[in-house]
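J.: Could you have a look at this structure, given as structure tokens, before my questions?
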Amino acid sequence: MLNRLRPWVRNKIDNSLFRLRDQDPGEVLLTMRRVFIVPTRAGLSFTALLLLMLIGAINYNLGLGYVLTFFTGACAVVDMYLTAKNLASLRLAPGRAAPVFAGEAAQFELQLNNRTTHDRYAVWVDFHGPAAPRHVTDVAAGAGALVLLSTPTARRGWLRAPRVRLLTRFPLGLFRAWSYWQPDLAVLVYPYPEPDAPPLPLSGAASEDGHGQVGLDNFAGIRNYQAGDPMRHLAWRQIARHDPALGGQLVTKHFEGGAVAELLLDYAELPRHLDEELKLSRMTQWVLEAERRALPYTFRLGGDALGPALGDAHRAACLRALALHGQERAA
Amino acid sequence: MTAQDQRGTAPATAAASAAAAAAAAAASTPASAPATLRARWTRQLTRDKSDTLLLLLAALLVLAPHFAHLPLWISAAAGATLLWRATLTLRGKRLPPLWLLLPVSLLAMAGVYHSFHTLLGRDAGVAMLALLLAFKLLEMHARRDLFVVVFLSFFLLLTNFFYSQSIPTGAEMVLTIVVLLTAQLTFQYTGAVPPLRRRLAAAARIVAYSAPLALLLFFGFPRIQGPLWGMPGDAHSGHTGMSDTMAPGTMSSLARSDEVAFRVRFIDPEPPQEQLYWRGIVLGDYDGRTWHRIGPQPRARGTPPATVGITVSGKPVRHEVTVEPSNQRWLFALEMTDPGLALPGYALRNSTELELSTNEPIAARLRYEASAYPEFRIQADADPAQMQPWLQLPAGFNPRTLALARQMRRPGAAASALAVLQMFHGGPYAYTLDPPLAGRDTVDDFLFNSKAGFCEHYAGAFVVLMRAMGVPARVVTGYQGGELNPVDGYVTVRQSDAHAWGEVWIAGHGWQRYDPTAAVAPERVRHNLARALPQQSPFGIARLGELINFENDATSWLAQLRFRINAVNNGWNQWILDYNPDRQRSFLEELSSAYANWRTAAGALAIAALLMLARTLRARSGRAGDPADAAYAAFCRQQARHGVVRAAGEGPHSYAVRLRAMAASEEKKAAMTQFLTLYGALKYGRAAPGARAATLRALTTLLRDTR
């Protein structure tokens with residue numbers, strides 16, 4: 001019973017006390033209500049010191065001792081206010097987040113804006129977790145600061161930015177103020193590219209009109225080597241000739257494009273016994289490989305048919321389809 | 001976004017930030033020669049170094065006042081340690097290892113023990129703390145150590161008040177707090193560090209902000225009368241004050257001290273100066289040189305304790321006395337003070353000689369209220385046989401005085417006393433602070449040879465003469481007079497007002513005060529000691545003496561200045577140093593009687609309402625031009641409270657899109673959409689003048705639903 005109650009209580013506390021929201025849309029203003037504050041260990045020691053000073057002042061009847069004790073005590077209270085104020089009224093806005101492959105660290109760009117007239121110093125920002133925050137930044141008055149936070153990724157699909165914790169101990173370090181922020185930001189995680197994937201199914205697929213094999217056999221001449229050309233397409237004979245007209249450079253055999261357009265990456269063609277994720281992983285690797293080799297390819301996954309085409313937009317569309325395969329399209 | 005601070009991927013390295021700070025410092029200084037030097041100096045110091053030097057400065061500020069009372073070697077050791085630390089910092093060397101620090105600090109501890117013969121006393125404790133702070137500066141590795149140093153400094157700052165609580169000490173305290181906070185603040189920066197001037201200003205601002213709360217706490221925090229436990233023996237020392245014996249020279253040594261004995265504020269009109277006799281100790285036992293008290297008379301078992309018949313008449317003079325700590329038990333009360341007075345923290349003792357004393361030495365400033373009756377009679381109808389102890393004279397001393405007494409004797413005690421006073425008044429007797437040294441027969445020497453003396457000589461000789469004439473007499477020591485400060489109305493009684501006079505018992509009239517000094521130097525009683533003493537000419541120049549002493553003239557600007565300084569000092573003492581539970585109670589009562597009424601409450605309410613109004617007006621100002629804009633601003637504020645803030649450049653349309661994503665009821669969302677559509681149409685569309693008013697009304701109505 002108690003065990004079932006605990007998450008409920010925790011949830012209630014999170015919702016009401018810490019104002020944890022599923023999502024803070026758009027730019028968020030950190031109101032004082034969202035800033036929480038507790039004394040640090042130094043702050044607790046300071047309290048003990050104040051007590052000691054008060055006892056000393058009482059015992060020895062030191063009028064100035066009282067003044068000192070109350071002054072330093074009041075300074076601590078002012079520090080509490082200033083610490084909270086160092087965080088409050090900051091405006092938080094989500095920035096960009098570039099897609100990554102599973103296993104890579106996802107990078108979230110977060111924008112801290114300070115439209116007030118006082119500078120903010122030493123604001124620590126990190127994803128909410130047990131560890132101490134790793135990133136610290138100053139936000140000058142009327143300016144903004146960009147923080148790049150990274151989090152590891154494991155699964156393909158949309159990854160929402162974890163809850164962000166902002167923390168500050170400025171100015172005196174006696175108090176720790178913090179605030180939570182759930183940025184309205186998600187990153188697309190592509191499947192992990194299979195490291196030792198089989199070569200591109202260049203010859204395995206039939207052309208649409210069913211006329212025999214297609215491949216790269218339709219030799220159309222040679223051209224200068226470009227980075228990314230496969231090794232086995234190098235025109236060794238020509239290279240060996242050291243043709244001065246060609247500047248003695250590496251040359252690559254050029255094949256007629258018509259056949260290359262027939263490169264088909266079809267999910268359905270993959271062996272059925274393979275795991276779904278492995279298949280997606282292999283497709284990912286093939287997309288990357290095709291892009292690397294500049295081979296226009298057609299992409300088929302479920303109902304989607306993309307291409308044939310080549311380039312960043314095509315690649316992104318294919319990878320996106322792979323990442324979201326079997327998942328809801330919306331974030 | 002004007003400037004984007006592209007930091008945050010990794011904590012900025014200290015070197016980089018220090019370089020930035022140095023560059024900023026270099027950029028901000030003008031290109032004059034000293035400024036360039038300073039810039040170079042700043043650039044050479046890395047952030048760590050300058051932070052540490054600032055901390056060292058703070059520690060030095062804390063330690064410096066202690067150097068005045070610490071043994072020389074401790075001051076030297078602490079100073080040398082700070083210097084060592086500064087050198088290490090500037091040269092960028094490593095801190096000394098623990099195996100070196102440990103023996104050195106143990107050695108220092110042994111040294112403290114050697115100097116103070118204890119490690120537990122107050123002074124020894126302060127010395128240990130001072131050394132601890134100095135050595136701790138050499139052993140700083142983590143951020144925690146910084147806090148330890150700062151906190152230790154705060155405590156050491158407090159211990160300084162054992163030795164001085166003057167106004168300059170208070171000012172120095174505020175300065176030290178600012179520097180300490182600056183040091184603490186400086187270590188909190190993680191990125192760019194503002195120049196020192198701005199950091200000092202930030203710390204000063206913290207102190208200034210804290211002042212109202214500190215004042216409130218100071219006056220309102222429930223006070224407890226210390227001490228909480230028995231204090232070490234050296235807790236209070238070094239006070240001068242009246243001793244309970246009197247020998248030639250006792251009073252004149254006191255008279256050289258300008259130290260304040262007590263201050264008095266008269267609630268009723270102040271009696272004339274020559275009636276201000278502050279009765280202290282009554283001396284009756286004379287051994288030929290020194291006067292002692294006659295202790296309590298041993299009485300037979302069963303007899304009731306001796307009663308002292310006092311009759312008082314006239315109106316009492318109420319006054320408030322603030323006694324400076326004397327570390328003695330004697331109270332000096334205006335004659336004749338009603339012994340039924342309340343002493344906060346002490347029990348009052350009252351002797352048969354009408355001396356007042358406390359059960360404990362007065363270790364702290366003590367304030368009490370008393371009332372005195374200027375007209376009084378003591379033991380008027382006592383049995384003359386009881387007066388035997390007040391007639392004793394040592395045998396074999398002062399033969400010429402005894403002979404003189406026989407010769408001067410008149411019928412009636414009062415006539416005899418008057419005869420002696422006339423002799424002093426008419427004879428060639430001088431009043432001086434530096435009487436010649438007397439031989440074995442002190443009274444003989446004074447009366448017949450030197451004929452010059454201070455009050456103790458006159459009072460002593462007077463009482464000896466009276467006793468020799470068979471009249472019970474005794475010496476009373478205390479203070480006489482006091483200086484009225486016209487600025488705050490306090491009468492200050494200093495050690496230099498110490499005085500001794502005589503009391504003579506006359507059957508039917510009781511003990512009567514006779515002051516032989518008044519017969520010799522009436523100025524002493526009517527004004528003060530400085531007036532009564534013959535003016536000396538410094539360096540033999542008479543005019544210079546006038547110049548130096550013209551502060552005796554109460555109208556001179558120097559005297560005015562002195563009065564003002566005294567008034568400030570007294571205010572400091574009364575309100576800061578001696579704000580005790582008693583004072584707090586009366587102060588708070590005064591406050592509540594003055595302000596706890598409906599008028600104050602109404603005033604406070606009005607002020608609060610005005611502030612609220614001003615705030616609301618300020619929030620609305622600038623948007624008040626167009627009612628549609630005002631409604632829109634209200635709407636945006638409303639939604640901002642729910643967490644969706646309109647960005648600065650965001651139009652109603654894109655804001656509406658974001659608002660739709662907000663978690664809210666469908667009705668509210670519909671109202672919001674309708675509001676924004678209406679607003680857009682009103683603001684950017686073409687509306688008929690008549691429809692405009694209706695739309696505005698609709699907007700206002702919708703605002704209720706979008707809440």
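Naming scheme: A, B, ... for chains in displayed order of the structure tokens; residues 1 onward per chain; ligands 1 onward as shown.
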Could you work out which residues of chain A fall inside 7 Å of chain B? Count only C-alpha atoms, and format the result as a PyMOL selection string.

T.: chain A and resi 25-29+42+53+58-67+70-71+74-75+78+121-122+135-138+143-148+170-173

J.: Quick one: everything within 7 Å of stretch 102-115 of chain A, counting only C-alpha atoms, minus sequence neighbours fewer than 6 positions away in the same chain. Send it as a list in words.

T.: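 Skipping anything fewer than 6 positions along the chain leaves Leu90, Arg91, Leu92, Ala93, Pro94, Gly95, Arg96, Val139, Ala140, Ala141, Gly142, Ala143, Gly144, Ala145, Leu146, Val147, Leu148, Leu149, Ser150, Thr151, Pro152, Thr153, Ala154, Arg155, Arg156, Val189, Tyr190, Pro191 and Tyr192 of chain A.
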
J.: Those same residues, written as a short mmCIF file (atom, residue, chain, number, x, y, z; two decimals), in the first residue's frame with C-alpha atoms?

T.:
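The resulting file, selection-v8.cif, is reproduced below:
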```cif
data_model
loop_
_atom_site.label_atom_id
_atom_site.label_comp_id
_atom_site.auth_asym_id
_atom_site.auth_seq_id
_atom_site.Cartn_x
_atom_site.Cartn_y
_atom_site.Cartn_z
CA LEU A 90 15.51 34.56 -16.58
CA ARG A 91 13.78 33.62 -19.82
CA LEU A 92 14.47 30.17 -21.11
CA ALA A 93 13.97 29.26 -24.71
CA PRO A 94 14.68 26.02 -26.49
CA GLY A 95 17.22 26.27 -29.32
CA ARG A 96 18.07 23.83 -32.06
CA VAL A 139 24.13 35.91 -18.54
CA ALA A 140 24.81 39.60 -18.84
CA ALA A 141 22.00 42.10 -18.48
CA GLY A 142 20.04 42.49 -21.67
CA ALA A 143 21.91 39.62 -23.31
CA GLY A 144 21.59 35.92 -23.67
CA ALA A 145 23.72 32.85 -23.32
CA LEU A 146 23.63 29.69 -25.31
CA VAL A 147 24.18 26.43 -23.50
CA LEU A 148 24.78 23.17 -25.27
CA LEU A 149 23.74 20.18 -23.24
CA SER A 150 24.28 16.64 -24.33
CA THR A 151 22.65 13.46 -23.28
CA PRO A 152 23.39 9.92 -24.44
CA THR A 153 20.93 8.25 -26.78
CA ALA A 154 20.09 4.60 -26.90
CA ARG A 155 16.96 4.17 -28.98
CA ARG A 156 15.84 5.49 -32.31
CA VAL A 189 17.48 9.81 -33.12
CA TYR A 190 18.26 7.78 -36.22
CA PRO A 191 18.86 4.08 -35.89
CA TYR A 192 22.35 2.95 -35.18
#
```

J.: Contacts between stretch 311-330 of chain A and stretch 87-164 of chain A, please, where a residue of stretch 87-164 of chain A counts if it comes within 12 Å (with only C-alpha atoms); show its shortest atom pair and distance in Å to one decimal, rows by chain and ascending number, as a Markdown table.

T.:
```
| residue | atom | partner | partner_atom | distance |
| --- | --- | --- | --- | --- |
| A:Ala98 | CA | A:Ala316 | CA | 11.1 |
| A:Pro99 | CA | A:Arg320 | CA | 9.0 |
| A:Val100 | CA | A:Leu319 | CA | 10.1 |
| A:Phe101 | CA | A:Ala323 | CA | 9.1 |
| A:Ala102 | CA | A:Ala323 | CA | 9.4 |
| A:Arg155 | CA | A:Ala323 | CA | 9.0 |
| A:Arg156 | CA | A:Ala323 | CA | 5.2 |
| A:Gly157 | CA | A:Ala323 | CA | 4.9 |
| A:Trp158 | CA | A:Leu324 | CA | 7.5 |
| A:Leu159 | CA | A:Ala323 | CA | 10.7 |
| A:Arg160 | CA | A:Ala330 | CA | 11.8 |
```

J.: Can you work out the spacing between atom CA of B:Glu590 and atom CA of B:Glu335 in Å, to one decimal?

T.: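 Computing the Euclidean distance for atom CA of B:Glu590 and atom CA of B:Glu335 yields 29.6 Å.
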
J.: Please provide as a compact mmCIF listing (two decimals) with N, CA, C and O atoms, in the first residue's frame all residues within 10 Å of stretch 267-273 of chain A, with the sequence filter that same-chain residues fewer than 3 positions apart are discarded (counting only C-alpha atoms).

T.:
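around.txt, written as the output of this step:
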```txt
# COMPACT_ATOMS: atom_id res chain seq x y z
N PRO A 201 23.14 -3.48 -51.78
CA PRO A 201 22.52 -4.48 -52.68
C PRO A 201 22.49 -3.99 -54.11
O PRO A 201 21.43 -3.77 -54.70
N GLY A 204 21.56 -7.07 -56.39
CA GLY A 204 20.53 -7.97 -55.90
C GLY A 204 19.13 -7.59 -56.35
O GLY A 204 18.24 -8.40 -56.39
N ALA A 205 18.98 -6.31 -56.75
CA ALA A 205 17.62 -5.89 -57.02
C ALA A 205 17.36 -5.79 -58.52
O ALA A 205 18.27 -5.50 -59.30
N LEU A 264 18.22 0.10 -55.17
CA LEU A 264 16.98 0.09 -54.41
C LEU A 264 17.27 -0.43 -52.99
O LEU A 264 17.84 -1.49 -52.83
N GLU A 276 13.88 -6.74 -36.39
CA GLU A 276 13.42 -5.51 -37.03
C GLU A 276 14.43 -4.38 -36.86
O GLU A 276 14.77 -3.66 -37.81
N LYS A 279 17.37 -4.80 -39.03
CA LYS A 279 17.07 -4.45 -40.41
C LYS A 279 17.12 -2.94 -40.61
O LYS A 279 17.72 -2.44 -41.56
N LEU A 280 16.51 -2.24 -39.65
CA LEU A 280 16.51 -0.77 -39.74
C LEU A 280 17.94 -0.26 -39.66
O LEU A 280 18.34 0.68 -40.37
N ARG A 282 20.60 -1.83 -40.59
CA ARG A 282 21.28 -2.11 -41.86
C ARG A 282 20.87 -1.11 -42.93
O ARG A 282 21.70 -0.58 -43.66
N MET A 283 19.59 -0.82 -42.97
CA MET A 283 19.09 0.16 -43.94
C MET A 283 19.79 1.51 -43.71
O MET A 283 20.19 2.18 -44.66
N PHE A 299 14.34 4.40 -51.88
CA PHE A 299 14.19 3.94 -50.50
C PHE A 299 12.77 3.48 -50.32
O PHE A 299 11.82 4.21 -50.62
N ARG A 300 12.62 2.28 -49.81
CA ARG A 300 11.27 1.78 -49.55
C ARG A 300 11.21 1.21 -48.17
O ARG A 300 12.00 0.38 -47.76
N LEU A 301 10.24 1.72 -47.44
CA LEU A 301 10.03 1.25 -46.06
C LEU A 301 8.54 1.30 -45.81
O LEU A 301 7.94 2.37 -45.83
N GLY A 302 7.97 0.14 -45.62
CA GLY A 302 6.54 0.09 -45.41
C GLY A 302 5.82 0.72 -46.59
O GLY A 302 6.08 0.39 -47.74
N LEU A 322 13.26 5.86 -41.18
CA LEU A 322 13.82 4.72 -40.44
C LEU A 322 13.67 4.95 -38.94
O LEU A 322 13.32 4.04 -38.19
```

J.: For a test of reading the model, state the distance in Å between atom CA of B:Val568 and atom CA of B:Glu259, rounded to one decimal.

T.: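 That distance, rounded to one decimal, is 16.0 Å.
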
J.: Taking the chain letters and numbering used in this document, name the residues of stretch 77-307 of chain B that DSSP puts in alpha helix (DSSP H), as a PyMOL selection string.

T.: chain B and resi 77-91+98-116+122-136+143-159+167-186+196-220+250-255
